[in-house]
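This report refers to the structure that appears directly beneath it.
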Amino acid sequence: MKERFNEIVNKIKHLVKEGSYAERIGLCFAAIMAFFLLASLVMPDASFSDVENRSLQKFPRISVNEYTSGRLEKKLENYVNDQFFGRRAFVKLKSAVSVSAGSVYSNGVWKGKDGYLMEDVTVPTEERMDETIKALTKFKKDNKKIPMRFMLAPTSANIYSEKLPALAATEDQNKYMDEFYSKLESTGVEAVDVRTAFNSAKDDMQLYYRTDHHWTTDGAKLALGELLKSKKVQEKEFELYEVKNDFVGSLAAKSGFTGGKADAIKLAAMKDGKNSAIYYFDTQKKTSKFYKMSNLDKRDAYTVFGGQNHPLYTIKTPTSSNRKLLLVKDSYANCMIPFLTQYYREIVVVDPRYYYDDIDITMLSESVNEVLFLYNANTFFEEDALAMMLK
Amino acid sequence: MLFSSIFFIFVFLPITAGVYYLMPENRMKMRNIWLLILSLIFYSWGEPVYVFLMIFSAAFNYFMAILIDREKDYSRKPKAALTFTVVINLLILGFFKYWGFLVGTINSITGLGIREVELALPIGISFYTFQALSYIFDVYHGKVKVQTDPIKVALYLAFFPQLIAGPIVNYADIQKQFDKRTVNAKKFGEGAERFILGLGKKVILANNFGAMFTEICALGDDRFSCLTAWVGIIGYTLQIYFDFSGYSDMAIGLARMFGFELKENFNYPYISKSITDFWRRWHISLGSWFRDYLYIPLGGNRCSRNRHIANIFIVWALTGLWHGASWNFVAWGVYYGLILILEKYVIGDKIAKMPAAIQHVYTLLIVIIGWTFFSITDTSEMFRYLGMMVGVGGDIANTTTLYFIKSNALLLIASIAACTPLPIEEFRKFEKEKPTIGLIALMCIFIVSVAYLVFGSYNPFLYFRF
Amino acid sequence: MAEKKTKEVNKKIPKRKSRRKLTPVEIFVGNNGMLIKIAFIVILAAFLFVIFSAANAKDIDLKTVSDSLKKDTDITTVMKKMDDRDLMRFMGLNSNDYSQVVYYRNTTALAVDELLIVKTDDAEDINAVAEAVDTRIDSQLKVYESYGPEQCALLKNAVQTKKGDYYFYCTAKNADIYEEVLLDAIQ
């Protein structure tokens, strides 16, 4: 064995010095294979990818049963893929190559003009929309006296469609939003349509982040204005403070595109505003801080607006109002909540994906007298949780 | 396991090749056994249960070939043994691949409602069954000597480079290589170069066109248009060529890395000047198999004209059926059968006299339209697409058309060029003049291909429903 | 003695055309052709039978299965029928992704009994369900490992079966009885 080994080592040495073209190719190829195999083996396994926001596959459990079902093989392949040496560099390389070749679409994200990355438009199925309308109808019927509103926010690719790359086209979000709003009329839930206001204001202020799928605080404030108009309530004065100016959001990570421009994140505060008490039911913790300032340095800085993954929490603010709002939402509402607190004595915030109690009971126990549904069109058209919760 | 995966390139291949080259050079038997073990692991990776079916096929054909040889030697009735063997082989192939299709067709004609059992298709069964049959027929006709070493028969069927997607290797072409083959760094390097080029074709060219074709097929009626449909099907035309020929390149390259020489499976089919020419350049190993083992035994063209036409018909219907258990594949095969008959008896001479440009356009049009039958299994979808290609139900062109052309412009130009022998010939010249840069270019293709593979596993979960 | 044996052996070997030396395998095969053919047919039939019965499952409405469970077993004394939200909450599965789902669970405190039957039309989905069930069992085991020996025992003996388009999971004392109900219906 040892002789054979030496034999080979000498052979390789000879090839490196005097190999023919084909032999050199073989050598390089073998060297690259060996390098990445060894490097991936030697480097310790990473357990989490913060760029992708998911945990990476660990070395799987080996069992005969797992092998015969095919699950072990898949896990091993995922393991090798996830722990491959230089993974991030390769992702960047691929993006660079595709962009140079003219690609403007990756993983559901468009590479638009002016440094805008925009999420592609998702469309609902007929079935899903009808299920949701049915659930909303029932919910309103069971709570006849409580005024309910639905704000379906358009997304960046809709409002800033002129910034989509040349010749690109998405599905028509407006068509489906119109369909939803017209079906909403029969449910008794009032529609709050911010599209007109957004389209008028879009050139004067930046309504959406350039590399994230959320609207900016400016966009949220504008939407709030429309909500207040529909309630015929005076808008209060808020100051916006810039707390970060190099925010690169979710879409940059999702697509791998590097050309999106960084943005500023603004937080809102009202002069003479009242402080709120926030109570999370699942962790039973109290706090008076909306904003998780330490999250500004994290991968997903949008989480500074807090409220992640809690099924139910309440915000009590000693305002002069006696209104108590039930807010059923997705993440778009997070940067709007700080505004909302100054208009309601209490806001009960519910996330249908994690909330498993009976919504009617919660409403009763918190004496809710108003309901607002706040979703962005992409998330709303794809999810089932709201219909399930209201059924 | 796919060749175009990180696991194969950076775990399976280095281990297989590393141990192979470590083994002493004159120990061919040891090397064969190692290859067989790794090939079985490779196959069971995707089919943990069906690996036993393949082992059964190897054992069965091994024993049957010996029996046929003995029957011949003892002047008994080798034909009985031959028939038995062929029937069992086809039965296995038929049952796993075509049972559902047969039952479904019977049900829709008679309305009987026989239960269709959903059996997973064992991968590569079409390939290894045809290889087994080629071995059996060649033993029967005395074209090859029967192989008494079971390792070599098993390796012939299971050899991982060509097991999953060909090329179909005739036993006669490879039998000597099991005992004696050249294994050295030069061949390894040549194999590596071929593998890298095949990998690039599949991962950089084919996959991107595949994505484009899927996007186009998914377009709603309002965004579809005639030219967009053409752009789509041209994308598919390029995809299937680079996918299949890329895989064959990788197979040939891998085989060469272990010292085996396999025959070419593609010869620039898209520069063909007639459909007859096309089928001498596309999936050559399948065409030759059907010619040698079905067409010629049926009489080929040495018979009456009607019989000849029937032969072509049968062979091409079966060629279509071989590709998939669905009527659209049969239609595709019959489509080519008809055109070949026409070329043979009606228009062939006229086409040969046309200027080259017309010959190319004629061939490509027929091929591209043929791919519509092949790519779209659902009949109503297929007719919708075909209708769109002739302008039914939409505009001639729209911005969507331009979008797809623009965002794939570089890819289209590079690919169309790569359909001709020109780029490779130029590259070979370049390699001779400037070997170092050639080497670097080759490794760049390799690294970029790996980047595409890694990106394929990049899977951000960004609480997007949040 | 050796002569006698050679004579007998010579009687077995028929006249040959070729002259080369035969390997023992060739001799054996040449003399026992029929036996070998039969052996292979038997092996193949056995293999096909195994594959066929593992994949074979009648296309039935799971409602008949849940009716049988209610009528013929004690399941209603142990568990309650759950709805889609509970399925999402406890098993992490979205009922919209599958053709049909039956989910029962014991809602009393500190109980681990549950039953899940999923019918899909996509073989890929079965793997996703199997994964979800594995995750569920693992997390339940973690919860009860320090103070619930009975619960752990039940969880460790949970029945998990895949057949055709159906996946069956049950943690309960009579899990095998409930499984029989499903298997009877689909076989």
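Please note that chains go A, B, ... in the order of the structure tokens, that every chain numbers its residues from 1, and that ligands are numbered from 1 in the order shown.
In plain terms, chain A touches chain B through A:Ala22, A:Glu23, A:Ile25, A:Gly26, A:Met33, A:Leu37, A:Glu52, A:Asn53, A:Arg54, A:Thr68, A:Glu77, A:Phe90, A:Val91, A:Lys94, A:Ala101, A:Gly102, A:Ser103, A:Leu167, A:Ala168, A:Lys254, A:Asp330, A:Ser331, A:Thr379, where touching means an atom at most 6 Å away, counting only C-alpha atoms.
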At most 7 Å to chain B: residues in chain C, only C-alpha atoms, as a VMD selection string:
chain C and resid 14 to 18 26 29 to 30 33 40 55 to 56
With DSSP run on the backbone, what are the alpha helix (DSSP H) residues within range 69-159 of chain C? I'd like them as an MDAnalysis selection string.
chainID C and resid 69:72 75:78 84:86 123:144 149:156
Atoms kept (C-alpha atoms) for selection, written as an mmCIF file, in the first residue's frame:
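Final file, part15.cif:
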data_model
loop_
_atom_site.group_PDB
_atom_site.id
_atom_site.type_symbol
_atom_site.label_atom_id
_atom_site.label_comp_id
_atom_site.auth_asym_id
_atom_site.auth_seq_id
_atom_site.Cartn_x
_atom_site.Cartn_y
_atom_site.Cartn_z
ATOM 1 C CA LEU C 69 -63.373 4.118 13.453
ATOM 2 C CA LYS C 70 -66.237 5.728 15.310
ATOM 3 C CA LYS C 71 -68.508 2.735 14.988
ATOM 4 C CA ASP C 72 -66.184 -0.205 15.424
ATOM 5 C CA ILE C 75 -61.479 5.808 19.540
ATOM 6 C CA THR C 76 -64.168 8.275 20.571
ATOM 7 C CA THR C 77 -63.629 7.389 24.230
ATOM 8 C CA VAL C 78 -59.961 8.298 23.908
ATOM 9 C CA ASP C 84 -57.928 22.193 10.164
ATOM 10 C CA ARG C 85 -56.599 24.741 12.611
ATOM 11 C CA ASP C 86 -55.673 22.058 15.075
ATOM 12 C CA ALA C 123 -46.068 10.868 -3.709
ATOM 13 C CA GLU C 124 -43.796 13.757 -2.733
ATOM 14 C CA ASP C 125 -46.371 14.937 -0.225
ATOM 15 C CA ILE C 126 -46.211 11.655 1.667
ATOM 16 C CA ASN C 127 -42.589 12.380 2.514
ATOM 17 C CA ALA C 128 -43.528 15.809 3.812
ATOM 18 C CA VAL C 129 -46.173 14.246 6.028
ATOM 19 C CA ALA C 130 -43.713 11.620 7.283
ATOM 20 C CA GLU C 131 -41.275 14.387 8.166
ATOM 21 C CA ALA C 132 -43.942 16.345 10.006
ATOM 22 C CA VAL C 133 -44.945 13.270 11.997
ATOM 23 C CA ASP C 134 -41.311 12.549 12.903
ATOM 24 C CA THR C 135 -40.923 16.112 14.087
ATOM 25 C CA ARG C 136 -44.103 15.860 16.127
ATOM 26 C CA ILE C 137 -43.050 12.636 17.832
ATOM 27 C CA ASP C 138 -39.610 14.054 18.584
ATOM 28 C CA SER C 139 -40.974 17.235 20.103
ATOM 29 C CA GLN C 140 -43.562 15.345 22.140
ATOM 30 C CA LEU C 141 -40.836 13.043 23.436
ATOM 31 C CA LYS C 142 -38.815 16.063 24.491
ATOM 32 C CA VAL C 143 -41.763 17.436 26.413
ATOM 33 C CA TYR C 144 -42.451 14.230 28.319
ATOM 34 C CA PRO C 149 -42.771 7.399 31.201
ATOM 35 C CA GLU C 150 -46.174 6.173 30.030
ATOM 36 C CA GLN C 151 -46.441 8.913 27.436
ATOM 37 C CA CYS C 152 -42.907 8.235 26.226
ATOM 38 C CA ALA C 153 -43.652 4.548 25.905
ATOM 39 C CA LEU C 154 -46.729 5.250 23.808
ATOM 40 C CA LEU C 155 -44.804 7.694 21.623
ATOM 41 C CA LYS C 156 -41.935 5.315 21.064
#
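Proximity to Glu119 in chain A at 9 Å, evaluated using only C-alpha atoms and with sequence-adjacent residues fewer than 2 positions away removed, yields Gly108, Val109, Trp110, Leu117, Val121, Thr122, Thr155, Ser156, Ala157, Asp212, His213, Leu251 and Asn378 of chain A.
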For those residues, write all heavy atoms to a file as a tab-separated table (two decimals), in the first residue's frame.
chain	number	residue	atom	x	y	z
A	108	GLY	N	-38.27	34.97	-7.85
A	108	GLY	CA	-39.49	35.73	-7.55
A	108	GLY	C	-39.25	37.20	-7.34
A	108	GLY	O	-40.15	37.91	-6.88
A	109	VAL	N	-38.05	37.68	-7.64
A	109	VAL	CA	-37.76	39.10	-7.42
A	109	VAL	C	-37.28	39.74	-8.73
A	109	VAL	O	-36.45	39.18	-9.43
A	109	VAL	CB	-36.65	39.27	-6.35
A	109	VAL	CG1	-36.30	40.73	-6.16
A	109	VAL	CG2	-37.10	38.65	-5.04
A	110	TRP	N	-37.79	40.94	-9.01
A	110	TRP	CA	-37.37	41.67	-10.20
A	110	TRP	C	-36.27	42.65	-9.85
A	110	TRP	O	-36.31	43.33	-8.83
A	110	TRP	CB	-38.55	42.49	-10.77
A	110	TRP	CG	-39.63	41.66	-11.33
A	110	TRP	CD1	-40.80	41.31	-10.71
A	110	TRP	CD2	-39.69	41.07	-12.63
A	110	TRP	NE1	-41.57	40.55	-11.53
A	110	TRP	CE2	-40.92	40.39	-12.73
A	110	TRP	CE3	-38.83	41.07	-13.73
A	110	TRP	CZ2	-41.30	39.70	-13.88
A	110	TRP	CZ3	-39.22	40.38	-14.87
A	110	TRP	CH2	-40.44	39.71	-14.93
A	117	LEU	N	-35.46	46.65	-6.08
A	117	LEU	CA	-35.75	45.22	-6.21
A	117	LEU	C	-37.21	45.06	-5.83
A	117	LEU	O	-37.64	45.59	-4.80
A	117	LEU	CB	-34.88	44.39	-5.28
A	117	LEU	CG	-33.36	44.45	-5.52
A	117	LEU	CD1	-32.64	43.59	-4.50
A	117	LEU	CD2	-33.02	44.00	-6.93
A	121	VAL	N	-45.66	39.72	-8.42
A	121	VAL	CA	-47.05	39.76	-7.96
A	121	VAL	C	-47.60	38.33	-7.86
A	121	VAL	O	-47.47	37.55	-8.79
A	121	VAL	CB	-47.90	40.59	-8.96
A	121	VAL	CG1	-49.37	40.39	-8.69
A	121	VAL	CG2	-47.51	42.04	-8.86
A	122	THR	N	-48.21	38.02	-6.71
A	122	THR	CA	-48.86	36.72	-6.60
A	122	THR	C	-50.36	36.91	-6.82
A	122	THR	O	-50.91	37.97	-6.51
A	122	THR	CB	-48.67	36.09	-5.21
A	122	THR	OG1	-49.21	36.97	-4.23
A	122	THR	CG2	-47.21	35.84	-4.92
A	155	THR	N	-48.51	46.40	-3.48
A	155	THR	CA	-47.07	46.23	-3.26
A	155	THR	C	-46.27	47.08	-4.25
A	155	THR	O	-46.82	47.65	-5.18
A	155	THR	CB	-46.65	44.76	-3.41
A	155	THR	OG1	-46.98	44.34	-4.73
A	155	THR	CG2	-47.34	43.89	-2.40
A	156	SER	N	-45.00	47.10	-4.02
A	156	SER	CA	-44.09	47.95	-4.78
A	156	SER	C	-44.20	47.75	-6.28
A	156	SER	O	-44.22	48.72	-7.05
A	156	SER	CB	-42.66	47.64	-4.30
A	156	SER	OG	-41.73	48.37	-5.01
A	157	ALA	N	-44.29	46.49	-6.72
A	157	ALA	CA	-44.31	46.23	-8.16
A	157	ALA	C	-45.56	46.78	-8.82
A	157	ALA	O	-45.60	46.98	-10.03
A	157	ALA	CB	-44.22	44.72	-8.41
A	212	ASP	N	-36.51	45.71	0.00
A	212	ASP	CA	-37.31	44.93	0.93
A	212	ASP	C	-38.75	44.89	0.43
A	212	ASP	O	-39.16	45.75	-0.33
A	212	ASP	CB	-37.24	45.59	2.32
A	212	ASP	CG	-37.70	44.65	3.42
A	212	ASP	OD1	-38.91	44.60	3.69
A	212	ASP	OD2	-36.84	43.95	3.98
A	213	HIS	N	-39.51	43.90	0.88
A	213	HIS	CA	-40.86	43.80	0.35
A	213	HIS	C	-41.87	44.63	1.14
A	213	HIS	O	-43.06	44.63	0.83
A	213	HIS	CB	-41.31	42.33	0.29
A	213	HIS	CG	-41.44	41.65	1.63
A	213	HIS	ND1	-40.37	41.38	2.43
A	213	HIS	CD2	-42.53	41.19	2.29
A	213	HIS	CE1	-40.79	40.76	3.53
A	213	HIS	NE2	-42.09	40.64	3.48
A	251	LEU	N	-35.39	41.28	0.03
A	251	LEU	CA	-35.37	40.92	-1.38
A	251	LEU	C	-33.94	40.75	-1.91
A	251	LEU	O	-33.70	39.99	-2.85
A	251	LEU	CB	-36.12	41.96	-2.21
A	251	LEU	CG	-37.60	42.07	-1.86
A	251	LEU	CD1	-38.27	43.15	-2.69
A	251	LEU	CD2	-38.30	40.75	-2.08
A	378	ASN	N	-49.71	40.68	-1.77
A	378	ASN	CA	-48.97	39.44	-2.06
A	378	ASN	C	-49.19	38.39	-0.99
A	378	ASN	O	-49.50	37.24	-1.27
A	378	ASN	CB	-47.48	39.72	-2.21
A	378	ASN	CG	-47.14	40.14	-3.62
A	378	ASN	OD1	-47.97	40.06	-4.53
A	378	ASN	ND2	-45.93	40.61	-3.82
Please report, as JSON lines, each residue of chain A lying at most 9 Å from chain C, together with the nearest pair of atoms and the separation in Å rounded to one decimal; use only C-alpha atoms, and order rows by chain and ascending residue number.
{"residue": "A:Ser69", "atom": "CA", "partner": "C:Asn127", "partner_atom": "CA", "distance": 8.7}
{"residue": "A:Arg71", "atom": "CA", "partner": "C:Asn127", "partner_atom": "CA", "distance": 7.8}
{"residue": "A:Arg353", "atom": "CA", "partner": "C:Met88", "partner_atom": "CA", "distance": 8.9}
{"residue": "A:Tyr354", "atom": "CA", "partner": "C:Arg89", "partner_atom": "CA", "distance": 7.6}
{"residue": "A:Tyr355", "atom": "CA", "partner": "C:Arg89", "partner_atom": "CA", "distance": 8.9}
{"residue": "A:Tyr356", "atom": "CA", "partner": "C:Arg85", "partner_atom": "CA", "distance": 7.0}
{"residue": "A:Asp384", "atom": "CA", "partner": "C:Asn96", "partner_atom": "CA", "distance": 8.5}
{"residue": "A:Ala385", "atom": "CA", "partner": "C:Arg85", "partner_atom": "CA", "distance": 8.3}
{"residue": "A:Met388", "atom": "CA", "partner": "C:Arg85", "partner_atom": "CA", "distance": 6.5}
{"residue": "A:Met389", "atom": "CA", "partner": "C:Arg85", "partner_atom": "CA", "distance": 7.4}
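Atom pair CA of Leu38 in chain B / CA of Pro161 in chain B: separated by 10.9 Å.
Between CA of Ala211 in chain B and CA of Leu238 in chain B the separation is 11.9 Å.
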Report the residues of range 41-118 of chain C whose backbone DSSP state falls under strand (DSSP E), written as a short mmCIF file (atom, residue, chain, number, x, y, z; two decimals) with N, CA, C and O atoms, in the first residue's frame.
data_model
loop_
_atom_site.label_atom_id
_atom_site.label_comp_id
_atom_site.auth_asym_id
_atom_site.auth_seq_id
_atom_site.Cartn_x
_atom_site.Cartn_y
_atom_site.Cartn_z
N LYS C 80 -60.74 13.08 20.45
CA LYS C 80 -61.78 13.87 19.80
C LYS C 80 -61.32 14.21 18.39
O LYS C 80 -60.13 14.32 18.13
N LYS C 81 -62.30 14.44 17.52
CA LYS C 81 -61.96 14.82 16.16
C LYS C 81 -61.49 16.27 16.13
O LYS C 81 -62.08 17.14 16.78
N GLN C 100 -57.33 14.50 1.46
CA GLN C 100 -58.19 14.34 2.65
C GLN C 100 -57.33 14.13 3.88
O GLN C 100 -56.26 13.53 3.81
N VAL C 101 -57.84 14.59 5.00
CA VAL C 101 -57.12 14.39 6.26
C VAL C 101 -58.11 13.98 7.34
O VAL C 101 -59.22 14.49 7.40
N VAL C 102 -57.68 13.03 8.19
CA VAL C 102 -58.46 12.69 9.40
C VAL C 102 -57.52 12.87 10.58
O VAL C 102 -56.44 12.28 10.59
N TYR C 103 -57.93 13.70 11.53
CA TYR C 103 -57.04 13.96 12.66
C TYR C 103 -57.81 13.92 13.96
O TYR C 103 -58.76 14.67 14.14
N TYR C 104 -57.38 13.01 14.83
CA TYR C 104 -57.99 12.90 16.17
C TYR C 104 -56.92 13.16 17.21
O TYR C 104 -55.75 12.85 17.00
N ARG C 105 -57.35 13.69 18.33
CA ARG C 105 -56.35 13.94 19.37
C ARG C 105 -57.02 13.87 20.73
O ARG C 105 -58.18 14.25 20.89
N GLU C 114 -52.94 10.45 19.72
CA GLU C 114 -53.43 11.12 18.53
C GLU C 114 -53.40 10.17 17.34
O GLU C 114 -52.67 9.20 17.33
N LEU C 115 -54.22 10.49 16.34
CA LEU C 115 -54.32 9.67 15.14
C LEU C 115 -54.39 10.58 13.93
O LEU C 115 -55.13 11.54 13.92
N LEU C 116 -53.60 10.26 12.94
CA LEU C 116 -53.58 11.07 11.73
C LEU C 116 -53.59 10.16 10.52
O LEU C 116 -52.79 9.25 10.40
N ILE C 117 -54.54 10.41 9.61
CA ILE C 117 -54.53 9.71 8.33
C ILE C 117 -54.55 10.79 7.25
O ILE C 117 -55.39 11.67 7.28
N VAL C 118 -53.60 10.70 6.33
CA VAL C 118 -53.54 11.68 5.26
C VAL C 118 -53.64 10.95 3.92
O VAL C 118 -52.97 9.96 3.71
#
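You can rank A:Ala220, A:Glu235, A:Ala166, A:Ile133 by their closest distance to Thr187 in chain A using only C-alpha atoms, and at the top of that list sits A:Ile133.
We find CA of Leu121 in chain B and CA of Leu197 in chain B to be spaced 29.4 Å apart.
Minimum atom-to-atom distances from B:Ile366, B:Thr110, B:Leu163, B:Gln147 to Thr23 in chain C were compared using only C-alpha atoms, and the lowest value belongs to B:Gln147.
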Pick from B:Gly198, B:Gly124, B:Pro150, B:Pro297, whichever lies nearest to Ile164 in chain B using only C-alpha atoms:
B:Gly124
Surrounding residues of Ser367 in chain A excluding itself and chain neighbours under 5 positions, 10 Å, only C-alpha atoms, as a PyMOL selection string:
chain A and resi 323-326+346+348+361-362
With N, CA, C and O atoms retained, write the just-selected residues as an mmCIF file, in the first residue's frame.
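Final output, saved to selection_0.cif:
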data_model
loop_
_atom_site.group_PDB
_atom_site.id
_atom_site.type_symbol
_atom_site.label_atom_id
_atom_site.label_comp_id
_atom_site.auth_asym_id
_atom_site.auth_seq_id
_atom_site.Cartn_x
_atom_site.Cartn_y
_atom_site.Cartn_z
ATOM 1 N N ARG A 323 -61.816 54.123 22.015
ATOM 2 C CA ARG A 323 -61.925 53.083 20.992
ATOM 3 C C ARG A 323 -60.960 51.942 21.291
ATOM 4 O O ARG A 323 -59.822 52.169 21.691
ATOM 5 N N LYS A 324 -61.458 50.717 21.103
ATOM 6 C CA LYS A 324 -60.584 49.547 21.262
ATOM 7 C C LYS A 324 -60.603 48.770 19.958
ATOM 8 O O LYS A 324 -61.665 48.314 19.507
ATOM 9 N N LEU A 325 -59.402 48.651 19.380
ATOM 10 C CA LEU A 325 -59.290 48.092 18.030
ATOM 11 C C LEU A 325 -58.771 46.652 18.040
ATOM 12 O O LEU A 325 -57.852 46.318 18.776
ATOM 13 N N LEU A 326 -59.405 45.807 17.224
ATOM 14 C CA LEU A 326 -58.823 44.492 16.961
ATOM 15 C C LEU A 326 -58.095 44.609 15.625
ATOM 16 O O LEU A 326 -58.703 44.946 14.613
ATOM 17 N N GLU A 346 -56.947 50.983 23.308
ATOM 18 C CA GLU A 346 -56.338 49.650 23.321
ATOM 19 C C GLU A 346 -56.338 49.067 21.919
ATOM 20 O O GLU A 346 -57.309 49.241 21.171
ATOM 21 N N VAL A 348 -55.789 45.337 20.167
ATOM 22 C CA VAL A 348 -55.558 43.899 20.334
ATOM 23 C C VAL A 348 -55.023 43.391 19.004
ATOM 24 O O VAL A 348 -55.719 43.441 17.994
ATOM 25 N N ILE A 361 -64.347 35.194 21.403
ATOM 26 C CA ILE A 361 -64.158 35.295 22.861
ATOM 27 C C ILE A 361 -63.142 36.379 23.193
ATOM 28 O O ILE A 361 -63.327 37.177 24.100
ATOM 29 N N THR A 362 -62.046 36.395 22.414
ATOM 30 C CA THR A 362 -61.026 37.420 22.659
ATOM 31 C C THR A 362 -61.623 38.819 22.500
ATOM 32 O O THR A 362 -61.381 39.710 23.310
#
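Compared by their closest atoms to Asp113 in chain C, and using only C-alpha atoms, the residues C:Lys163, C:Ala185, C:Met34, C:Asn157 rank with C:Asn157 nearest.
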Who sits within 7 Å of range 269-275 of chain B, only C-alpha atoms, same chain under 2 positions skipped, as a PyMOL selection string:
chain B and resi 266-267+277-279+281-282+340+359-360+363-364+419-420
Only N, CA and C atoms, please: the residues just picked out, written as a PDB file, in the first residue's frame.
ATOM      1  N   PHE B 266     -24.431  12.139 -29.987  1.00  0.00           N
ATOM      2  CA  PHE B 266     -24.973  13.299 -30.690  1.00  0.00           C
ATOM      3  C   PHE B 266     -23.929  13.837 -31.647  1.00  0.00           C
ATOM      4  N   ASN B 267     -24.376  14.276 -32.812  1.00  0.00           N
ATOM      5  CA  ASN B 267     -23.428  14.827 -33.773  1.00  0.00           C
ATOM      6  C   ASN B 267     -24.017  16.087 -34.397  1.00  0.00           C
ATOM      7  N   ASP B 277     -31.213  12.856 -42.129  1.00  0.00           N
ATOM      8  CA  ASP B 277     -29.924  13.262 -41.584  1.00  0.00           C
ATOM      9  C   ASP B 277     -30.023  13.481 -40.077  1.00  0.00           C
ATOM     10  N   PHE B 278     -31.121  14.139 -39.662  1.00  0.00           N
ATOM     11  CA  PHE B 278     -31.309  14.455 -38.248  1.00  0.00           C
ATOM     12  C   PHE B 278     -31.230  13.207 -37.403  1.00  0.00           C
ATOM     13  N   TRP B 279     -31.900  12.139 -37.836  1.00  0.00           N
ATOM     14  CA  TRP B 279     -31.922  10.948 -37.013  1.00  0.00           C
ATOM     15  C   TRP B 279     -30.636  10.147 -37.088  1.00  0.00           C
ATOM     16  N   ARG B 281     -28.036  11.912 -36.351  1.00  0.00           N
ATOM     17  CA  ARG B 281     -27.229  12.758 -35.486  1.00  0.00           C
ATOM     18  C   ARG B 281     -27.797  12.901 -34.077  1.00  0.00           C
ATOM     19  N   TRP B 282     -29.067  12.529 -33.889  1.00  0.00           N
ATOM     20  CA  TRP B 282     -29.746  12.718 -32.603  1.00  0.00           C
ATOM     21  C   TRP B 282     -29.932  11.375 -31.897  1.00  0.00           C
ATOM     22  N   LEU B 340     -40.169  10.579 -42.426  1.00  0.00           N
ATOM     23  CA  LEU B 340     -39.078   9.792 -42.989  1.00  0.00           C
ATOM     24  C   LEU B 340     -39.547   9.007 -44.207  1.00  0.00           C
ATOM     25  N   GLN B 359     -32.750  23.800 -46.816  1.00  0.00           N
ATOM     26  CA  GLN B 359     -32.666  22.490 -46.161  1.00  0.00           C
ATOM     27  C   GLN B 359     -32.652  22.655 -44.643  1.00  0.00           C
ATOM     28  N   HIS B 360     -31.852  23.623 -44.174  1.00  0.00           N
ATOM     29  CA  HIS B 360     -31.767  23.834 -42.733  1.00  0.00           C
ATOM     30  C   HIS B 360     -33.091  24.302 -42.159  1.00  0.00           C
ATOM     31  N   THR B 363     -35.662  21.464 -42.087  1.00  0.00           N
ATOM     32  CA  THR B 363     -35.395  20.503 -41.005  1.00  0.00           C
ATOM     33  C   THR B 363     -35.739  21.093 -39.649  1.00  0.00           C
ATOM     34  N   LEU B 364     -35.260  22.308 -39.387  1.00  0.00           N
ATOM     35  CA  LEU B 364     -35.480  22.897 -38.073  1.00  0.00           C
ATOM     36  C   LEU B 364     -36.958  23.118 -37.786  1.00  0.00           C
ATOM     37  N   CYS B 419     -24.702  25.106 -31.188  1.00  0.00           N
ATOM     38  CA  CYS B 419     -25.346  24.014 -31.925  1.00  0.00           C
ATOM     39  C   CYS B 419     -24.519  23.596 -33.132  1.00  0.00           C
ATOM     40  N   THR B 420     -23.579  24.433 -33.487  1.00  0.00           N
ATOM     41  CA  THR B 420     -22.718  24.112 -34.623  1.00  0.00           C
ATOM     42  C   THR B 420     -21.363  23.658 -34.104  1.00  0.00           C
TER      43      THR B 420
END
Would you mind listing what lies within 7 Å of range 158-162 of chain A as a count of residues only, with only C-alpha atoms counted and same-chain residues fewer than 4 positions away left out?
3
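Residues in contact with Gly387 in chain B at 12 Å, where only C-alpha atoms are counted and same-chain residues fewer than 5 positions away are skipped, are listed as Phe224, Ser225, Cys226, Leu227, Ala229, Trp230, Ile369, Thr372, Ser380, Glu381, Met382, Val392, Gly393, Gly394, Asp395 and Ile396 of chain B.
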